[in-house]
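This report refers to the structure that appears directly beneath it.
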Amino acid sequence: MTLPHPLPRLSAVADDYDILLCDVWGVIHNGRESWPAACDALTKFNEKGGHVVLISNSPRPSPDVVAQLDALGVPRSAWKAFVTSGDATRMELARRAPGPAWIIGPDRDFVLYEGLDLTSAHDANDAAFISVTGPYDDTTETPEDYRERLTPAVARGLELICANPDRVVQRGDSIIYCGGAIADLYESMGGRVVMAGKPFAPIYALALKEAEGLMGCPVDRSRVLCIGDGVVTDVLGAAEQALDCLFIAQGIHGDAAKGADGTLDPARAAELLRAETTFARYAALEVTW
């Protein structure tokens, strides 16, 4: 088992990279508050001539999520460009307009569909496909709450478009289910699922296009570092794109990667990665400069 290199400070490798593709939720905020040390590290990377591109599995288009970052106190100096799973998913949805689409998700995510000319179906019985951003109520619902409602969709062979491949995220001190958990259930029932966010290629193509625009020249992929806490999204996505990765082994993983002294245990971090048959070059408990 190859162990990730412990990386307590981003500054130790900053000169090796031109671009950071940095996850958002779980790296720079937890849905309730931002983390000043991480924001400061990204700001310093930008100030040294690097380029931070935020890459999020939020199901909403990036302009809508910027307001959330501002409200959480994430400084604009910490990033230069922003792409979301919602940005990538809108392309998939546009190809399937006018639908009708059975839309599953909270009202706050409806901005995803603006301008796409999709019609809305009441349920699986009158839908051409399903679009999922997450549970209707992520404070109380679990994927199992959707099994009965999804059964007719599987029987009809409906495709499910998932705008947020994350299975869970940490909100404050709680772990909540995301769209990816519903997509996993649908797939386990025999349904067909399409996702464009991490770990899938479309969102990385968008992010690297943004990076190329920032640099004004082609991107050297050997000088791109991905940062994220999701093993099956951030780490696996970086590995499949042959990009270096810094695995943030805290947050949704709790103390699973900590040693007895409370610091990162590379062997425990490697176990988390090996469970999903992937690997990260570096690991840390948080992003600091």
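Chain labels follow the order of the structure tokens: the first chain is A, the next B, and so on; residue numbering restarts at 1 in every chain, and ligands are counted from 1 in their shown order.
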Write out as JSON, numbers by chain the residues lying within 7 Å of segment 1-11 of chain A, counting only C-alpha atoms and excluding same-chain residues fewer than 6 positions away. {"A": [41, 266, 267, 270, 280, 281, 282, 283, 284, 287, 288, 289]}
Would you save the residues of that selection, restricted to C-alpha atoms, as a PDB file, in the first residue's frame?
ATOM      1  CA  ALA A  41      -3.629  29.600   2.089  1.00  0.00           C
ATOM      2  CA  PRO A 266      -0.695   8.506   6.580  1.00  0.00           C
ATOM      3  CA  ALA A 267      -1.473   4.792   6.913  1.00  0.00           C
ATOM      4  CA  ALA A 270      -4.272   5.447   2.820  1.00  0.00           C
ATOM      5  CA  ALA A 280      -3.545  10.690  -3.523  1.00  0.00           C
ATOM      6  CA  ARG A 281      -0.017  12.056  -3.698  1.00  0.00           C
ATOM      7  CA  TYR A 282      -0.501  14.133  -0.534  1.00  0.00           C
ATOM      8  CA  ALA A 283      -2.738  14.106   2.532  1.00  0.00           C
ATOM      9  CA  ALA A 284      -3.461  16.614   5.306  1.00  0.00           C
ATOM     10  CA  VAL A 287      -5.371  23.337   4.222  1.00  0.00           C
ATOM     11  CA  THR A 288      -2.903  25.779   5.748  1.00  0.00           C
ATOM     12  CA  TRP A 289      -0.126  27.901   4.307  1.00  0.00           C
TER      13      TRP A 289
END
Picked from segment 68-112 of chain A by DSSP as strand (DSSP E or B), as a ChimeraX atom specification: /A:81-84,101-104
Contacts of segment 16-29 of chain A within 6 Å, only C-alpha atoms, excl. fewer than 5 positions in-chain, as number ranges by chain: A: 34-35, 38, 50-56, 223-228, 251
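You can rank A:Gly49, A:Asp138, A:Pro152, A:Met215 by their closest distance to Ser174 of chain A using only C-alpha atoms, and at the top of that list sits A:Asp138.
Minimum atom-to-atom distance to Ile175 of chain A, evaluated using only C-alpha atoms, belongs to A:Gly31 out of A:Tyr204, A:Asp64, A:Gly31, A:Cys162.
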Leaving out segment 96-111 of chain A and any residue of its chain fewer than 4 positions from it, which residues lie within 6 Å of it when counting only C-alpha atoms, given as a PyMOL selection string? chain A and resi 60+117-121+123+127-136
Keeping only all heavy atoms, write the selected residues to a file as a compact mmCIF listing (two decimals), in the first residue's frame.
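Resulting contents of part.txt:
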# COMPACT_ATOMS: atom_id res chain seq x y z
N ARG A 60 -26.01 23.88 -8.21
CA ARG A 60 -26.43 25.18 -8.74
C ARG A 60 -25.33 25.77 -9.63
O ARG A 60 -24.15 25.49 -9.42
CB ARG A 60 -26.75 26.13 -7.60
CG ARG A 60 -28.04 25.78 -6.87
CD ARG A 60 -28.23 26.64 -5.64
NE ARG A 60 -27.38 26.19 -4.54
CZ ARG A 60 -27.03 26.94 -3.51
NH1 ARG A 60 -27.40 28.21 -3.45
NH2 ARG A 60 -26.29 26.45 -2.56
N ASP A 117 -35.82 25.84 -20.75
CA ASP A 117 -37.08 25.48 -21.42
C ASP A 117 -37.51 24.05 -21.15
O ASP A 117 -38.07 23.37 -22.02
CB ASP A 117 -36.95 25.70 -22.94
CG ASP A 117 -36.74 27.16 -23.30
OD1 ASP A 117 -37.34 28.03 -22.63
OD2 ASP A 117 -35.96 27.44 -24.22
N LEU A 118 -37.25 23.59 -19.93
CA LEU A 118 -37.71 22.27 -19.52
C LEU A 118 -39.13 22.38 -18.97
O LEU A 118 -39.45 23.32 -18.25
CB LEU A 118 -36.81 21.69 -18.44
CG LEU A 118 -35.50 21.05 -18.87
CD1 LEU A 118 -34.66 20.72 -17.63
CD2 LEU A 118 -35.74 19.79 -19.69
N THR A 119 -39.96 21.40 -19.28
CA THR A 119 -41.26 21.31 -18.63
C THR A 119 -41.14 20.33 -17.46
O THR A 119 -40.27 19.47 -17.44
CB THR A 119 -42.34 20.83 -19.61
OG1 THR A 119 -41.96 19.55 -20.16
CG2 THR A 119 -42.52 21.83 -20.74
N SER A 120 -42.03 20.49 -16.49
CA SER A 120 -41.94 19.71 -15.27
C SER A 120 -43.01 18.64 -15.20
O SER A 120 -44.18 18.89 -15.52
CB SER A 120 -42.07 20.66 -14.05
OG SER A 120 -42.00 19.93 -12.85
N ALA A 121 -42.59 17.44 -14.81
CA ALA A 121 -43.51 16.32 -14.61
C ALA A 121 -43.81 16.17 -13.12
O ALA A 121 -42.99 16.53 -12.27
CB ALA A 121 -42.91 15.03 -15.15
N ASP A 123 -44.41 13.23 -11.52
CA ASP A 123 -43.71 12.06 -10.97
C ASP A 123 -43.19 11.23 -12.13
O ASP A 123 -43.17 11.68 -13.28
CB ASP A 123 -44.62 11.24 -10.05
CG ASP A 123 -45.91 10.80 -10.73
OD1 ASP A 123 -45.91 10.65 -11.98
OD2 ASP A 123 -46.92 10.61 -10.03
N ALA A 127 -42.98 11.46 -16.84
CA ALA A 127 -41.68 12.10 -17.08
C ALA A 127 -40.93 11.40 -18.21
O ALA A 127 -41.09 10.20 -18.45
CB ALA A 127 -40.84 12.05 -15.81
N ALA A 128 -40.08 12.20 -18.90
CA ALA A 128 -39.17 11.63 -19.89
C ALA A 128 -37.83 11.26 -19.26
O ALA A 128 -37.11 10.40 -19.77
CB ALA A 128 -38.95 12.63 -21.03
N PHE A 129 -37.49 11.93 -18.17
CA PHE A 129 -36.29 11.61 -17.40
C PHE A 129 -36.42 12.24 -16.02
O PHE A 129 -37.37 12.99 -15.74
CB PHE A 129 -35.01 12.08 -18.11
CG PHE A 129 -34.84 13.58 -18.18
CD1 PHE A 129 -34.11 14.27 -17.22
CD2 PHE A 129 -35.41 14.30 -19.22
CE1 PHE A 129 -33.95 15.64 -17.28
CE2 PHE A 129 -35.26 15.69 -19.30
CZ PHE A 129 -34.52 16.36 -18.33
N ILE A 130 -35.47 11.93 -15.13
CA ILE A 130 -35.47 12.47 -13.77
C ILE A 130 -34.25 13.37 -13.62
O ILE A 130 -33.17 13.05 -14.13
CB ILE A 130 -35.37 11.33 -12.73
CG1 ILE A 130 -36.39 10.24 -13.02
CG2 ILE A 130 -35.55 11.87 -11.31
CD1 ILE A 130 -36.09 8.95 -12.27
N SER A 131 -34.42 14.47 -12.90
CA SER A 131 -33.28 15.33 -12.56
C SER A 131 -33.24 15.47 -11.04
O SER A 131 -34.22 15.91 -10.43
CB SER A 131 -33.40 16.70 -13.21
OG SER A 131 -32.32 17.53 -12.84
N VAL A 132 -32.09 15.13 -10.44
CA VAL A 132 -31.95 15.15 -9.00
C VAL A 132 -30.82 16.10 -8.59
O VAL A 132 -29.70 16.00 -9.11
CB VAL A 132 -31.64 13.74 -8.45
CG1 VAL A 132 -31.34 13.80 -6.94
CG2 VAL A 132 -32.79 12.80 -8.72
N THR A 133 -31.12 17.01 -7.69
CA THR A 133 -30.07 17.83 -7.08
C THR A 133 -29.79 17.39 -5.65
O THR A 133 -28.72 17.66 -5.12
CB THR A 133 -30.46 19.33 -7.07
OG1 THR A 133 -31.66 19.51 -6.30
CG2 THR A 133 -30.69 19.84 -8.49
N GLY A 134 -30.75 16.74 -5.03
CA GLY A 134 -30.62 16.26 -3.65
C GLY A 134 -31.99 15.91 -3.13
O GLY A 134 -32.99 15.98 -3.86
N PRO A 135 -32.10 15.53 -1.87
CA PRO A 135 -33.42 15.28 -1.28
C PRO A 135 -34.25 16.57 -1.25
O PRO A 135 -33.70 17.67 -1.24
CB PRO A 135 -33.11 14.81 0.14
CG PRO A 135 -31.66 14.42 0.13
CD PRO A 135 -31.00 15.29 -0.90
N TYR A 136 -35.56 16.42 -1.20
CA TYR A 136 -36.42 17.60 -1.03
C TYR A 136 -36.10 18.28 0.30
O TYR A 136 -36.05 19.50 0.38
CB TYR A 136 -37.89 17.19 -1.05
CG TYR A 136 -38.40 16.76 -2.41
CD1 TYR A 136 -38.88 15.47 -2.61
CD2 TYR A 136 -38.43 17.64 -3.48
CE1 TYR A 136 -39.36 15.06 -3.84
CE2 TYR A 136 -38.91 17.25 -4.73
CZ TYR A 136 -39.38 15.95 -4.90
OH TYR A 136 -39.85 15.55 -6.12
